[in-house]
Structures are given as C-alpha cells and as structure tokens.
>>> print(open('upload06.pdb').read())   # PDB, C-alpha atoms
ATOM      1  CA  MET O   2      62.944 -47.125 118.366
ATOM      2  CA  VAL O   3      66.735 -46.974 118.978
ATOM      3  CA  SER O   4      68.952 -44.593 117.028
ATOM      4  CA  VAL O   5      72.725 -44.518 117.566
ATOM      5  CA  GLN O   6      74.628 -41.858 115.621
ATOM      6  CA  GLY O   7      78.379 -41.278 115.658
ATOM      7  CA  LEU O   8      78.752 -42.802 119.111
ATOM      8  CA  THR O   9      82.259 -42.474 120.554
ATOM      9  CA  LYS O  10      83.686 -43.331 123.968
ATOM     10  CA  ILE O  11      87.342 -42.756 124.845
ATOM     11  CA  TYR O  12      89.241 -44.170 127.822
ATOM     12  CA  GLY O  13      92.621 -42.482 128.003
ATOM     13  CA  THR O  14      94.186 -43.126 124.610
ATOM     14  CA  GLN O  15      91.808 -45.961 123.700
ATOM     15  CA  ARG O  16      88.727 -45.355 121.587
ATOM     16  CA  ALA O  17      86.509 -48.065 123.057
ATOM     17  CA  VAL O  18      83.658 -47.051 120.726
ATOM     18  CA  ASP O  19      84.548 -45.243 117.518
ATOM     19  CA  GLN O  20      81.867 -43.391 115.496
ATOM     20  CA  LEU O  21      79.283 -46.164 115.862
ATOM     21  CA  SER O  22      75.985 -45.649 113.997
ATOM     22  CA  PHE O  23      72.971 -47.946 113.636
ATOM     23  CA  GLU O  24      69.172 -47.921 114.052
ATOM     24  CA  LEU O  25      66.716 -50.519 115.352
ATOM     25  CA  GLN O  26      62.960 -50.807 115.094
ATOM     26  CA  ALA O  27      60.376 -52.588 117.243
ATOM     27  CA  GLY O  28      60.390 -56.320 116.602
ATOM     28  CA  GLU O  29      64.090 -56.478 115.734
ATOM     29  CA  VAL O  30      66.267 -58.845 117.743
ATOM     30  CA  LEU O  31      69.866 -57.762 117.295
ATOM     31  CA  GLY O  32      72.749 -60.102 118.009
ATOM     32  CA  PHE O  33      75.568 -57.771 119.073
ATOM     33  CA  LEU O  34      78.922 -59.482 118.491
ATOM     34  CA  GLY O  35      82.590 -58.669 118.781
ATOM     35  CA  PRO O  36      85.810 -59.899 120.415
ATOM     36  CA  ASN O  37      86.500 -59.106 124.046
ATOM     37  CA  GLY O  38      87.263 -55.394 124.314
ATOM     38  CA  ALA O  39      85.498 -54.539 121.057
ATOM     39  CA  GLY O  40      83.137 -52.053 122.746
ATOM     40  CA  LYS O  41      79.918 -54.073 123.087
ATOM     41  CA  SER O  42      79.352 -53.590 126.817
ATOM     42  CA  THR O  43      80.355 -49.924 126.607
ATOM     43  CA  THR O  44      77.770 -49.326 123.868
ATOM     44  CA  MET O  45      75.059 -51.112 125.870
ATOM     45  CA  LYS O  46      75.870 -49.090 128.985
ATOM     46  CA  ILE O  47      75.590 -45.827 127.041
ATOM     47  CA  ILE O  48      72.209 -46.804 125.563
ATOM     48  CA  SER O  49      71.070 -47.790 129.077
ATOM     49  CA  CYS O  50      72.198 -44.419 130.554
ATOM     50  CA  PHE O  51      74.806 -46.016 132.820
ATOM     51  CA  ILE O  52      77.708 -44.097 131.313
ATOM     52  CA  GLU O  53      77.944 -41.038 129.075
ATOM     53  CA  ALA O  54      79.324 -40.895 125.553
ATOM     54  CA  ASP O  55      82.132 -38.525 124.612
ATOM     55  CA  GLU O  56      80.703 -37.884 121.160
ATOM     56  CA  GLY O  57      77.602 -38.714 119.179
ATOM     57  CA  SER O  58      74.002 -39.270 120.233
ATOM     58  CA  VAL O  59      71.634 -42.047 121.255
ATOM     59  CA  GLN O  60      67.860 -41.797 121.145
ATOM     60  CA  VAL O  61      65.338 -44.297 122.478
ATOM     61  CA  ASP O  62      61.756 -43.796 121.338
ATOM     62  CA  GLY O  63      62.696 -40.213 120.445
ATOM     63  CA  TYR O  64      64.266 -39.399 123.830
ATOM     64  CA  ASP O  65      67.964 -38.524 124.001
ATOM     65  CA  VAL O  66      69.957 -40.446 126.625
ATOM     66  CA  SER O  67      71.839 -37.285 127.626
ATOM     67  CA  GLU O  68      68.903 -34.889 127.706
ATOM     68  CA  SER O  69      66.136 -37.177 129.004
ATOM     69  CA  PRO O  70      67.771 -40.101 130.851
ATOM     70  CA  LEU O  71      64.752 -40.761 133.091
ATOM     71  CA  GLU O  72      62.449 -41.104 130.084
ATOM     72  CA  VAL O  73      64.946 -43.456 128.450
ATOM     73  CA  ARG O  74      65.227 -45.575 131.599
ATOM     74  CA  LYS O  75      61.440 -45.988 131.652
ATOM     75  CA  ARG O  76      61.673 -47.552 128.200
ATOM     76  CA  VAL O  77      64.789 -49.692 128.622
ATOM     77  CA  GLY O  78      65.316 -52.914 130.530
ATOM     78  CA  TYR O  79      68.976 -53.791 131.085
ATOM     79  CA  LEU O  80      70.735 -56.945 132.242
ATOM     80  CA  PRO O  81      74.470 -56.252 132.586
ATOM     81  CA  GLU O  82      77.142 -58.873 132.029
ATOM     82  CA  HIS O  83      77.908 -59.033 135.756
ATOM     83  CA  ASN O  84      74.431 -59.363 137.215
ATOM     84  CA  PRO O  85      74.196 -57.087 140.319
ATOM     85  CA  LEU O  86      71.785 -58.455 142.915
ATOM     86  CA  TYR O  87      71.093 -57.981 146.643
ATOM     87  CA  LEU O  88      71.925 -61.474 147.860
ATOM     88  CA  ASP O  89      70.319 -61.011 151.292
ATOM     89  CA  MET O  90      66.934 -60.166 149.769
ATOM     90  CA  TYR O  91      64.296 -62.735 148.877
ATOM     91  CA  VAL O  92      63.446 -63.063 145.177
ATOM     92  CA  HIS O  93      59.903 -61.760 145.549
ATOM     93  CA  GLU O  94      61.080 -59.009 147.897
ATOM     94  CA  PHE O  95      63.758 -57.898 145.428
ATOM     95  CA  LEU O  96      61.311 -57.729 142.520
ATOM     96  CA  GLU O  97      58.879 -55.736 144.680
ATOM     97  CA  PHE O  98      61.754 -53.333 145.438
ATOM     98  CA  VAL O  99      62.622 -52.928 141.730
ATOM     99  CA  ALA O 100      58.969 -52.456 140.780
ATOM    100  CA  ARG O 101      58.650 -49.664 143.371
ATOM    101  CA  ILE O 102      61.714 -47.944 141.875
ATOM    102  CA  TYR O 103      59.875 -47.871 138.557
ATOM    103  CA  GLN O 104      56.858 -46.440 140.427
ATOM    104  CA  LEU O 105      54.444 -49.161 139.405
ATOM    105  CA  SER O 106      51.105 -49.041 141.208
ATOM    106  CA  LYS O 107      50.336 -51.681 143.836
ATOM    107  CA  GLN O 108      48.144 -53.697 141.471
ATOM    108  CA  ASP O 109      50.600 -53.358 138.586
ATOM    109  CA  ARG O 110      53.431 -54.490 140.846
ATOM    110  CA  LYS O 111      51.503 -57.581 141.835
ATOM    111  CA  ASN O 112      50.608 -58.415 138.223
ATOM    112  CA  ARG O 113      54.059 -57.786 136.741
ATOM    113  CA  ILE O 114      55.921 -59.701 139.447
ATOM    114  CA  SER O 115      53.663 -62.675 138.854
ATOM    115  CA  GLU O 116      54.100 -62.397 135.078
ATOM    116  CA  VAL O 117      57.906 -62.162 135.032
ATOM    117  CA  ILE O 118      58.300 -64.954 137.585
ATOM    118  CA  ASP O 119      56.139 -67.163 135.395
ATOM    119  CA  MET O 120      58.000 -66.086 132.213
ATOM    120  CA  THR O 121      61.404 -66.956 133.657
ATOM    121  CA  GLY O 122      60.419 -70.133 135.512
ATOM    122  CA  LEU O 123      61.203 -68.793 138.979
ATOM    123  CA  GLY O 124      57.969 -69.917 140.625
ATOM    124  CA  LYS O 125      59.529 -72.516 142.936
ATOM    125  CA  GLU O 126      62.388 -70.180 143.875
ATOM    126  CA  GLN O 127      60.533 -66.926 144.489
ATOM    127  CA  HIS O 128      60.436 -67.262 148.272
ATOM    128  CA  LYS O 129      64.140 -68.072 148.623
ATOM    129  CA  LYS O 130      66.931 -65.648 149.350
ATOM    130  CA  ILE O 131      68.807 -64.695 146.167
ATOM    131  CA  GLY O 132      72.068 -65.742 147.842
ATOM    132  CA  MET O 133      70.723 -69.304 148.109
ATOM    133  CA  LEU O 134      70.111 -69.612 144.371
ATOM    134  CA  SER O 135      72.380 -71.197 141.785
ATOM    135  CA  LYS O 136      74.098 -68.940 139.265
ATOM    136  CA  GLY O 137      71.528 -69.906 136.641
ATOM    137  CA  TYR O 138      68.587 -68.910 138.815
ATOM    138  CA  ARG O 139      70.293 -65.672 139.812
ATOM    139  CA  GLN O 140      70.526 -64.903 136.101
ATOM    140  CA  ARG O 141      66.785 -65.419 135.837
ATOM    141  CA  VAL O 142      66.246 -62.950 138.681
ATOM    142  CA  GLY O 143      68.318 -60.463 136.681
ATOM    143  CA  LEU O 144      66.087 -61.049 133.676
ATOM    144  CA  CYS O 145      63.038 -60.458 135.859
ATOM    145  CA  GLN O 146      64.320 -57.061 137.013
ATOM    146  CA  ALA O 147      65.019 -56.113 133.388
ATOM    147  CA  LEU O 148      61.465 -57.026 132.381
ATOM    148  CA  ILE O 149      59.539 -55.877 135.454
ATOM    149  CA  HIS O 150      58.445 -52.499 134.033
ATOM    150  CA  ASP O 151      57.523 -53.965 130.614
ATOM    151  CA  PRO O 152      60.143 -51.931 128.699
ATOM    152  CA  GLN O 153      59.991 -51.243 124.977
ATOM    153  CA  VAL O 154      63.710 -51.936 124.593
ATOM    154  CA  LEU O 155      65.500 -54.866 126.217
ATOM    155  CA  ILE O 156      69.305 -54.867 126.447
ATOM    156  CA  LEU O 157      70.914 -58.125 127.543
ATOM    157  CA  ASP O 158      74.669 -58.517 127.987
ATOM    158  CA  GLU O 159      75.476 -62.256 127.959
ATOM    159  CA  PRO O 160      71.948 -63.233 129.141
ATOM    160  CA  THR O 161      72.562 -67.006 129.214
ATOM    161  CA  ASN O 162      75.797 -66.750 131.175
ATOM    162  CA  GLY O 163      75.873 -69.508 133.801
ATOM    163  CA  LEU O 164      72.761 -71.339 132.606
ATOM    164  CA  ASP O 165      72.618 -75.078 131.958
ATOM    165  CA  PRO O 166      71.606 -76.331 128.452
ATOM    166  CA  ASN O 167      67.926 -76.712 129.373
ATOM    167  CA  GLN O 168      67.790 -73.238 130.894
ATOM    168  CA  ILE O 169      69.538 -71.774 127.839
ATOM    169  CA  VAL O 170      66.808 -73.159 125.575
ATOM    170  CA  GLU O 171      64.137 -71.656 127.847
ATOM    171  CA  ILE O 172      65.788 -68.214 127.861
ATOM    172  CA  ARG O 173      66.198 -68.351 124.077
ATOM    173  CA  GLU O 174      62.477 -68.943 123.726
ATOM    174  CA  LEU O 175      61.790 -66.077 126.131
ATOM    175  CA  ILE O 176      63.953 -63.675 124.107
ATOM    176  CA  ARG O 177      62.230 -64.750 120.879
ATOM    177  CA  GLU O 178      58.809 -64.196 122.449
ATOM    178  CA  VAL O 179      59.764 -60.818 123.900
ATOM    179  CA  GLY O 180      61.259 -59.795 120.562
ATOM    180  CA  LYS O 181      57.908 -60.061 118.796
ATOM    181  CA  ASP O 182      56.853 -56.624 120.037
ATOM    182  CA  LYS O 183      60.002 -55.164 121.603
ATOM    183  CA  THR O 184      63.408 -54.095 120.405
ATOM    184  CA  VAL O 185      66.026 -56.485 121.770
ATOM    185  CA  ILE O 186      69.799 -56.069 121.804
ATOM    186  CA  PHE O 187      71.766 -58.976 123.212
ATOM    187  CA  SER O 188      75.388 -60.012 123.199
ATOM    188  CA  SER O 189      76.772 -63.524 123.446
ATOM    189  CA  HIS O 190      79.960 -65.423 122.716
ATOM    190  CA  ILE O 191      77.889 -68.496 121.838
ATOM    191  CA  LEU O 192      77.500 -67.882 118.107
ATOM    192  CA  SER O 193      75.056 -70.745 117.551
ATOM    193  CA  GLU O 194      72.843 -69.088 120.148
ATOM    194  CA  VAL O 195      72.950 -65.784 118.278
ATOM    195  CA  GLU O 196      72.032 -67.514 115.013
ATOM    196  CA  SER O 197      69.040 -69.205 116.623
ATOM    197  CA  ILE O 198      67.639 -66.023 118.211
ATOM    198  CA  ALA O 199      68.627 -62.918 116.252
ATOM    199  CA  ASN O 200      67.074 -61.761 112.988
ATOM    200  CA  ARG O 201      69.902 -59.256 112.550
ATOM    201  CA  ILE O 202      73.578 -59.354 113.514
ATOM    202  CA  LEU O 203      75.915 -56.441 114.116
ATOM    203  CA  ILE O 204      79.616 -57.198 114.545
ATOM    204  CA  ILE O 205      82.053 -54.616 115.895
ATOM    205  CA  ASN O 206      85.819 -54.762 116.171
ATOM    206  CA  GLN O 207      87.991 -52.152 117.903
ATOM    207  CA  GLY O 208      84.918 -49.984 118.368
ATOM    208  CA  LYS O 209      83.917 -49.935 114.686
ATOM    209  CA  ILE O 210      81.173 -51.766 112.798
ATOM    210  CA  VAL O 211      82.590 -54.454 110.490
ATOM    211  CA  ALA O 212      79.282 -56.109 109.564
ATOM    212  CA  ASP O 213      75.581 -55.295 109.919
ATOM    213  CA  ALA O 214      73.076 -57.484 108.102
ATOM    214  CA  ALA O 215      70.306 -60.039 108.406
ATOM    215  CA  THR O 216      71.534 -63.173 110.160
ATOM    216  CA  ASP O 217      71.521 -65.351 107.036
ATOM    217  CA  GLN O 218      73.471 -62.729 105.084
ATOM    218  CA  ILE O 219      76.374 -62.345 107.516
ATOM    219  CA  ARG O 220      78.033 -65.579 106.437
ATOM    220  CA  LEU O 221      77.725 -64.655 102.772
ATOM    221  CA  SER O 222      79.221 -61.208 103.343
ATOM    222  CA  ALA O 223      82.482 -62.767 104.498
ATOM    223  CA  GLU O 224      82.545 -65.768 102.179
ATOM    224  CA  SER O 225      85.198 -65.601  99.454
ATOM    225  CA  GLU O 226      85.452 -69.251  98.433
ATOM    226  CA  GLN O 227      83.729 -72.600  98.782
ATOM    227  CA  GLN O 228      85.011 -76.101  99.374
ATOM    228  CA  THR O 229      83.561 -79.227  97.774
ATOM    229  CA  ASP O 230      84.814 -82.693  98.732
ATOM    230  CA  ILE O 231      84.207 -85.798  96.631
ATOM    231  CA  GLU O 232      84.929 -89.458  97.317
ATOM    232  CA  LEU O 233      85.056 -92.088  94.563
ATOM    233  CA  GLU O 234      84.949 -95.862  94.741
ATOM    234  CA  THR O 235      88.122 -96.430  92.723
ATOM    235  CA  SER O 236      91.307 -94.532  91.872
ATOM    236  CA  GLY O 237      92.342 -93.209  88.461
ATOM    237  CA  PHE O 238      90.105 -90.146  88.283
ATOM    238  CA  ASP O 239      91.479 -87.546  85.847
ATOM    239  CA  LEU O 240      91.479 -84.033  87.310
ATOM    240  CA  THR O 241      92.760 -82.269  84.197
ATOM    241  CA  GLY O 242      89.374 -81.109  82.963
ATOM    242  CA  ILE O 243      88.234 -79.847  86.392
ATOM    243  CA  GLU O 244      91.506 -77.929  86.909
ATOM    244  CA  ALA O 245      90.706 -75.951  83.767
ATOM    245  CA  TRP O 246      87.305 -74.770  85.023
ATOM    246  CA  GLU O 247      87.280 -71.006  85.412
ATOM    247  CA  SER O 248      85.883 -70.932  88.943
ATOM    248  CA  VAL O 249      88.268 -73.600  90.334
ATOM    249  CA  LYS O 250      91.091 -72.108  92.389
ATOM    250  CA  SER O 251      92.830 -75.286  93.511
ATOM    251  CA  ILE O 252      92.386 -79.028  93.964
ATOM    252  CA  GLU O 253      93.794 -80.971  96.893
ATOM    253  CA  ARG O 254      94.280 -84.718  96.588
ATOM    254  CA  LEU O 255      93.303 -86.150  99.979
ATOM    255  CA  SER O 256      93.888 -89.759  98.836
ATOM    256  CA  ASP O 257      93.761 -91.762  95.627
ATOM    257  CA  THR O 258      89.970 -91.592  95.728
ATOM    258  CA  GLN O 259      89.262 -88.395  97.685
ATOM    259  CA  PHE O 260      89.592 -84.822  96.436
ATOM    260  CA  ARG O 261      88.910 -81.328  97.738
ATOM    261  CA  ILE O 262      87.988 -78.635  95.191
ATOM    262  CA  ILE O 263      88.342 -74.980  96.218
ATOM    263  CA  SER O 264      86.368 -72.567  94.057
ATOM    264  CA  GLY O 265      84.738 -69.155  94.030
ATOM    265  CA  VAL O 266      81.365 -68.604  95.671
ATOM    266  CA  GLU O 267      79.577 -67.556  92.513
ATOM    267  CA  GLU O 268      78.876 -71.093  91.301
ATOM    268  CA  ASP O 269      77.823 -74.365  92.941
ATOM    269  CA  LEU O 270      80.035 -77.037  91.332
ATOM    270  CA  ARG O 271      78.234 -80.125  92.616
ATOM    271  CA  LYS O 272      76.142 -80.781  89.493
ATOM    272  CA  ALA O 273      79.115 -80.319  87.164
ATOM    273  CA  LEU O 274      81.309 -82.534  89.356
ATOM    274  CA  PHE O 275      78.681 -85.280  89.364
ATOM    275  CA  GLU O 276      78.446 -85.126  85.573
ATOM    276  CA  GLU O 277      82.255 -85.321  85.275
ATOM    277  CA  VAL O 278      82.365 -88.397  87.510
ATOM    278  CA  VAL O 279      79.678 -90.108  85.411
ATOM    279  CA  LYS O 280      81.457 -89.078  82.204
ATOM    280  CA  GLN O 281      84.638 -90.822  83.388
ATOM    281  CA  GLN O 282      82.594 -93.866  84.406
ATOM    282  CA  HIS O 283      83.517 -93.689  88.087
ATOM    283  CA  THR O 284      81.225 -94.380  91.028
ATOM    284  CA  LEU O 285      80.600 -91.458  93.372
ATOM    285  CA  LEU O 286      80.461 -92.556  97.027
ATOM    286  CA  GLY O 287      80.022 -89.131  98.534
ATOM    287  CA  MET O 288      80.013 -85.392  97.936
ATOM    288  CA  SER O 289      79.838 -82.575 100.462
ATOM    289  CA  ARG O 290      79.936 -78.810 100.160
ATOM    290  CA  GLN O 291      81.226 -76.904 103.166
ATOM    291  CA  THR O 292      79.080 -73.943 104.098
ATOM    292  CA  TYR O 293      80.512 -70.879 105.745
ATOM    293  CA  SER O 294      79.584 -70.757 109.434
ATOM    294  CA  LEU O 295      78.897 -67.668 111.525
ATOM    295  CA  GLU O 296      82.079 -68.510 113.428
ATOM    296  CA  ASP O 297      84.076 -68.431 110.182
ATOM    297  CA  ALA O 298      82.553 -65.073 109.267
ATOM    298  CA  PHE O 299      83.178 -63.684 112.749
ATOM    299  CA  ARG O 300      86.832 -64.727 112.730
ATOM    300  CA  LYS O 301      87.384 -63.277 109.273
ATOM    301  CA  LEU O 302      85.590 -59.991 109.944
ATOM    302  CA  THR O 303      87.378 -59.406 113.242
ATOM    303  CA  GLY O 304      90.794 -60.210 111.818
ATOM    304  CA  THR O 305      91.487 -63.436 113.705
ATOM    305  CA  VAL O 306      92.200 -65.512 110.603
TER     306      VAL O 306
END
>>> encode(input="upload06.pdb", output="structure tokens")
Amino acid sequence: MVSVQGLTKIYGTQRAVDQLSFELQAGEVLGFLGPNGAGKSTTMKIISCFIEADEGSVQVDGYDVSESPLEVRKRVGYLPEHNPLYLDMYVHEFLEFVARIYQLSKQDRKNRISEVIDMTGLGKEQHKKIGMLSKGYRQRVGLCQALIHDPQVLILDEPTNGLDPNQIVEIRELIREVGKDKTVIFSSHILSEVESIANRILIINQGKIVADAATDQIRLSAESEQQTDIELETSGFDLTGIEAWESVKSIERLSDTQFRIISGVEEDLRKALFEEVVKQQHTLLGMSRQTYSLEDAFRKLTGTV
C-alpha cells in the first residue's frame, strides 16, 4: 500500500531524511518515532505530496508521489502537526468545503460529513465557528478533514496534541478502528500511546532507521541486560554462589536485606534465585524483575543514554 525506497531530503547541509526505506500494507498501524528533528514530519509531508524528495521514491497504492500526486492525494488523508483550519468558518461549512475539494457528490458529501462528525464526537460542536472551539475540538475537526474522503492511507502527525485524557482515549479507539482496513502512519511523543495503538514501530534518528519491528519486539531489540531485585526478611544472605553464576554481571547491595542482580537477557533468574533463598533457609519477602520499557528502548536506540 505504501512503499518508501531510498528517500532522501536535504536542507542546506543537513540530510533531514537519509536513504529511508520501508513498506506498509493495509491494516498496519505504524507508530513513527524519533527525537525532534529526526525527519518524521518531513517524511510524512513527502508521502502526503506536500514537499518533494531530493532522492528516492514513494508509492501509494502503486502511484508515485512525484508522477501522480493527484492520485496519491485521493488515497491519503493527512493531519499535520500544526493543524491548519479556517477559524472563521463553521465546522459543518468547513467539512462541506473540504468534501467539495475532493469532488464528492452531493449525497456522498452529506453521508461522509455525518459519518466523520459522529466518528470524532463533534456532533454538539458542528454548528459552531471553528475559532470558538477548544484546541481539542479543533484537533477533531482536523481529523474529520483527513477522513472526509475515506482515504486508504491515513497519516497523522501528533494526532492527540492538545486533547484531554478522555479525548485521547477516544481518538486512540478511532485510530484502532480505522486501522482495521486502512494503512495508518502516526507520530507521537507519548510512547505509552504508541504502544497501545500501533502494531508496528519504526524509529528514526538523524534521518536514518534505527529500529523497525513489531511493537512487542522493539523493547527486546534494545535490551542488553535485565535487573532482578530481591528482598529478604533477615540479613546474612550469602551472595558468593550467585556471583559465580555465568549470566550474572553484577550484584548491588541495596541494604542488608535487599539486593539487585544485573544479568544477561538470555535467562530469567527468578526461579534460581528463589531456590537459592530457600536453600539458605531465608524468607523471601519480595522479588521483582524490571522489564525494558519502550522509553528505555527509544532512548538507547536514539543515543540519548
């Protein structure tokens, strides 16, 4: 559905996007991550035909963005990071205007406007001027214009920007629902949001891909060690045997009864640690194994740790 090959965009001496290549199929929801300035918005603008690439190619449903931009635009819905709206227009009036741009028939315009207003929860606000709406509701109007022509590909740059927690949950559900039969690319700095929506994550840094995998595999791809904490009832626990285990890298004594074991990721030590505690006739009060978060993986892959 979307094919990006060798994509490059240069601004002066900066390579904002550097030989980027990836493909997406219908039904994939891609979380597009990277630090500020990594090239996310530039890539989205190229796919959406807003700016041209310096090198490489992008195809949407078989149409090249350079050779057939009108065909691509028919198939792509785009919500930019800074949502451009006509503040003096009424919500319903604005959506009618956008639908006419996409040359929807009168009946189709009526149906689609009703559908997207219902999808985004704008029913009570549809007869207000856009300038009278809160930032969250303006964002919903932006989502409506991106969806109005029922595109096959939806590109959303920070789609929950400015929304309150309840609205964020609603938009998440909308993206999940849309992603069942469309290709969705969305960026966000809220990593928990990306984890809850995307079934695939692509991370770029300085214009290059540093990770591209299923959401649950991203953390593992960056994980190099694991941390297991144990707490005992009494002091006097002998660490000598554990220190000799092959997979143990280090042990930190947090207190007389609390210890942190750092080990490789290839083996879960919890069972062996429990058996060692029982062997030494101590009482185990607690044990926890720290799992690698998406934030940890992001920071490691983008060189911020």
>>> atom_distance(input="upload06.pdb", atom1="CA of Ile204 (chain O)", atom2="CA of Val3 (chain O)")
17.0 Å
>>> closest_residue(input="upload06.pdb", among="O:Thr121, O:Asn206, O:Glu268, O:Phe187", to="Ile172 (chain O)", atoms="all atoms listed in the file")
O:Thr121
>>> resolve_selection(input="upload06.pdb", expression="the PyMOL selection byres ((chain O and resi 83) around 12)", output="ChimeraX atom specification")
/O:42,79-82,84-86,136,139-140,143,157-163
>>> write_last_selection(input="upload06.pdb", atoms="C-alpha atoms", output="PDB file, in the coordinates of the input")
ATOM      1  CA  SER O  42      79.352 -53.590 126.817  1.00  0.00           C
ATOM      2  CA  TYR O  79      68.976 -53.791 131.085  1.00  0.00           C
ATOM      3  CA  LEU O  80      70.735 -56.945 132.242  1.00  0.00           C
ATOM      4  CA  PRO O  81      74.470 -56.252 132.586  1.00  0.00           C
ATOM      5  CA  GLU O  82      77.142 -58.873 132.029  1.00  0.00           C
ATOM      6  CA  ASN O  84      74.431 -59.363 137.215  1.00  0.00           C
ATOM      7  CA  PRO O  85      74.196 -57.087 140.319  1.00  0.00           C
ATOM      8  CA  LEU O  86      71.785 -58.455 142.915  1.00  0.00           C
ATOM      9  CA  LYS O 136      74.098 -68.940 139.265  1.00  0.00           C
ATOM     10  CA  ARG O 139      70.293 -65.672 139.812  1.00  0.00           C
ATOM     11  CA  GLN O 140      70.526 -64.903 136.101  1.00  0.00           C
ATOM     12  CA  GLY O 143      68.318 -60.463 136.681  1.00  0.00           C
ATOM     13  CA  LEU O 157      70.914 -58.125 127.543  1.00  0.00           C
ATOM     14  CA  ASP O 158      74.669 -58.517 127.987  1.00  0.00           C
ATOM     15  CA  GLU O 159      75.476 -62.256 127.959  1.00  0.00           C
ATOM     16  CA  PRO O 160      71.948 -63.233 129.141  1.00  0.00           C
ATOM     17  CA  THR O 161      72.562 -67.006 129.214  1.00  0.00           C
ATOM     18  CA  ASN O 162      75.797 -66.750 131.175  1.00  0.00           C
ATOM     19  CA  GLY O 163      75.873 -69.508 133.801  1.00  0.00           C
TER      20      GLY O 163
END
>>> resolve_selection(input="upload06.pdb", expression="the PyMOL selection byres ((chain O and resi 22-38) around 7)", output="count of residues only")
31
>>> closest_residue(input="upload06.pdb", among="O:Glu247, O:Glu234, O:Glu276, O:Glu226", to="Tyr293 (chain O)", atoms="only C-alpha atoms")
O:Glu226
>>> residues_around(input="upload06.pdb", residues="Glu68 (chain O)", least_positions_apart="5", cutoff="12 Å", atoms="all atoms listed in the file", output="list in words")
Cys50, Glu53, Ser58, Val59, Gln60, Val61, Gly63, Val73 and Arg74 of chain O
>>> write_last_selection(input="upload06.pdb", atoms="C-alpha atoms", output="compact mmCIF listing (two decimals), keeping the file's coordinate frame")
# COMPACT_ATOMS: atom_id res chain seq x y z
CA CYS O 50 72.20 -44.42 130.55
CA GLU O 53 77.94 -41.04 129.07
CA SER O 58 74.00 -39.27 120.23
CA VAL O 59 71.63 -42.05 121.26
CA GLN O 60 67.86 -41.80 121.14
CA VAL O 61 65.34 -44.30 122.48
CA GLY O 63 62.70 -40.21 120.44
CA VAL O 73 64.95 -43.46 128.45
CA ARG O 74 65.23 -45.58 131.60
>>> residues_near_point(input="upload06.pdb", point="(64.0, -68.0, 145.7)", cutoff="9 Å", atoms="only C-alpha atoms", output="PyMOL selection string")
chain O and resi 91-93+123-134+138-139+142
>>> residues_around(input="upload06.pdb", residues="Ser49 (chain O)", least_positions_apart="4", cutoff="9 Å", atoms="all atoms listed in the file", output="VMD selection string")
chain O and resid 44 to 45 66 70 73 to 74 77 to 79 156
>>> resolve_selection(input="upload06.pdb", expression="the PyMOL selection byres ((chain O and resi 256-267) around 9)", output="ChimeraX atom specification")
/O:221,224-238,243,247-255,268-270
>>> closest_atom_pairs(input="upload06.pdb", of="region 114-157 of chain O", to="region 100-109 of chain O", cutoff="10 Å", atoms="all atoms listed in the file", output="Markdown table")
| residue | atom | partner | partner_atom | distance |
| --- | --- | --- | --- | --- |
| O:Ile114 | CA | O:Ala100 | CA | 8.0 |
| O:Ser115 | CA | O:Asp109 | CA | 9.8 |
| O:Gln146 | CA | O:Ala100 | CA | 8.0 |
| O:Leu148 | CA | O:Ala100 | CA | 9.9 |
| O:Ile149 | CA | O:Ala100 | CA | 6.4 |
| O:His150 | CA | O:Tyr103 | CA | 6.6 |
>>> atom_distance(input="upload06.pdb", atom1="CA of Val154 (chain O)", atom2="CA of Glu72 (chain O)")
12.2 Å
>>> atom_distance(input="upload06.pdb", atom1="CA of Asp239 (chain O)", atom2="CA of Thr284 (chain O)")
13.4 Å
>>> residues_near_point(input="upload06.pdb", point="(90.6, -59.7, 111.0)", cutoff="12 Å", atoms="all atoms listed in the file", output="PDB file with C-alpha atoms, keeping the file's coordinate frame")
ATOM      1  CA  GLY O  35      82.590 -58.669 118.781  1.00  0.00           C
ATOM      2  CA  PRO O  36      85.810 -59.899 120.415  1.00  0.00           C
ATOM      3  CA  ILE O 204      79.616 -57.198 114.545  1.00  0.00           C
ATOM      4  CA  ILE O 205      82.053 -54.616 115.895  1.00  0.00           C
ATOM      5  CA  ASN O 206      85.819 -54.762 116.171  1.00  0.00           C
ATOM      6  CA  GLN O 207      87.991 -52.152 117.903  1.00  0.00           C
ATOM      7  CA  VAL O 211      82.590 -54.454 110.490  1.00  0.00           C
ATOM      8  CA  ALA O 212      79.282 -56.109 109.564  1.00  0.00           C
ATOM      9  CA  ALA O 223      82.482 -62.767 104.498  1.00  0.00           C
ATOM     10  CA  ASP O 297      84.076 -68.431 110.182  1.00  0.00           C
ATOM     11  CA  ALA O 298      82.553 -65.073 109.267  1.00  0.00           C
ATOM     12  CA  PHE O 299      83.178 -63.684 112.749  1.00  0.00           C
ATOM     13  CA  ARG O 300      86.832 -64.727 112.730  1.00  0.00           C
ATOM     14  CA  LYS O 301      87.384 -63.277 109.273  1.00  0.00           C
ATOM     15  CA  LEU O 302      85.590 -59.991 109.944  1.00  0.00           C
ATOM     16  CA  THR O 303      87.378 -59.406 113.242  1.00  0.00           C
ATOM     17  CA  GLY O 304      90.794 -60.210 111.818  1.00  0.00           C
ATOM     18  CA  THR O 305      91.487 -63.436 113.705  1.00  0.00           C
ATOM     19  CA  VAL O 306      92.200 -65.512 110.603  1.00  0.00           C
TER      20      VAL O 306
END
>>> axis_aligned_box(input="upload06.pdb", around="region 285-299 of chain O", padding_each_side="3 Å", output="AutoDock Vina command-line options")
--center_x 81.5 --center_y -78.1 --center_z 103.4 --size_x 11.2 --size_y 34.9 --size_z 26.1
>>> closest_residue(input="upload06.pdb", among="O:Gly287, O:Gly242, O:Pro152, O:Gly208", to="Lys10 (chain O)", atoms="only C-alpha atoms")
O:Gly208
>>> closest_residue(input="upload06.pdb", among="O:Glu56, O:Lys272, O:Asn167, O:Glu97", to="Val117 (chain O)", atoms="all atoms listed in the file")
O:Glu97
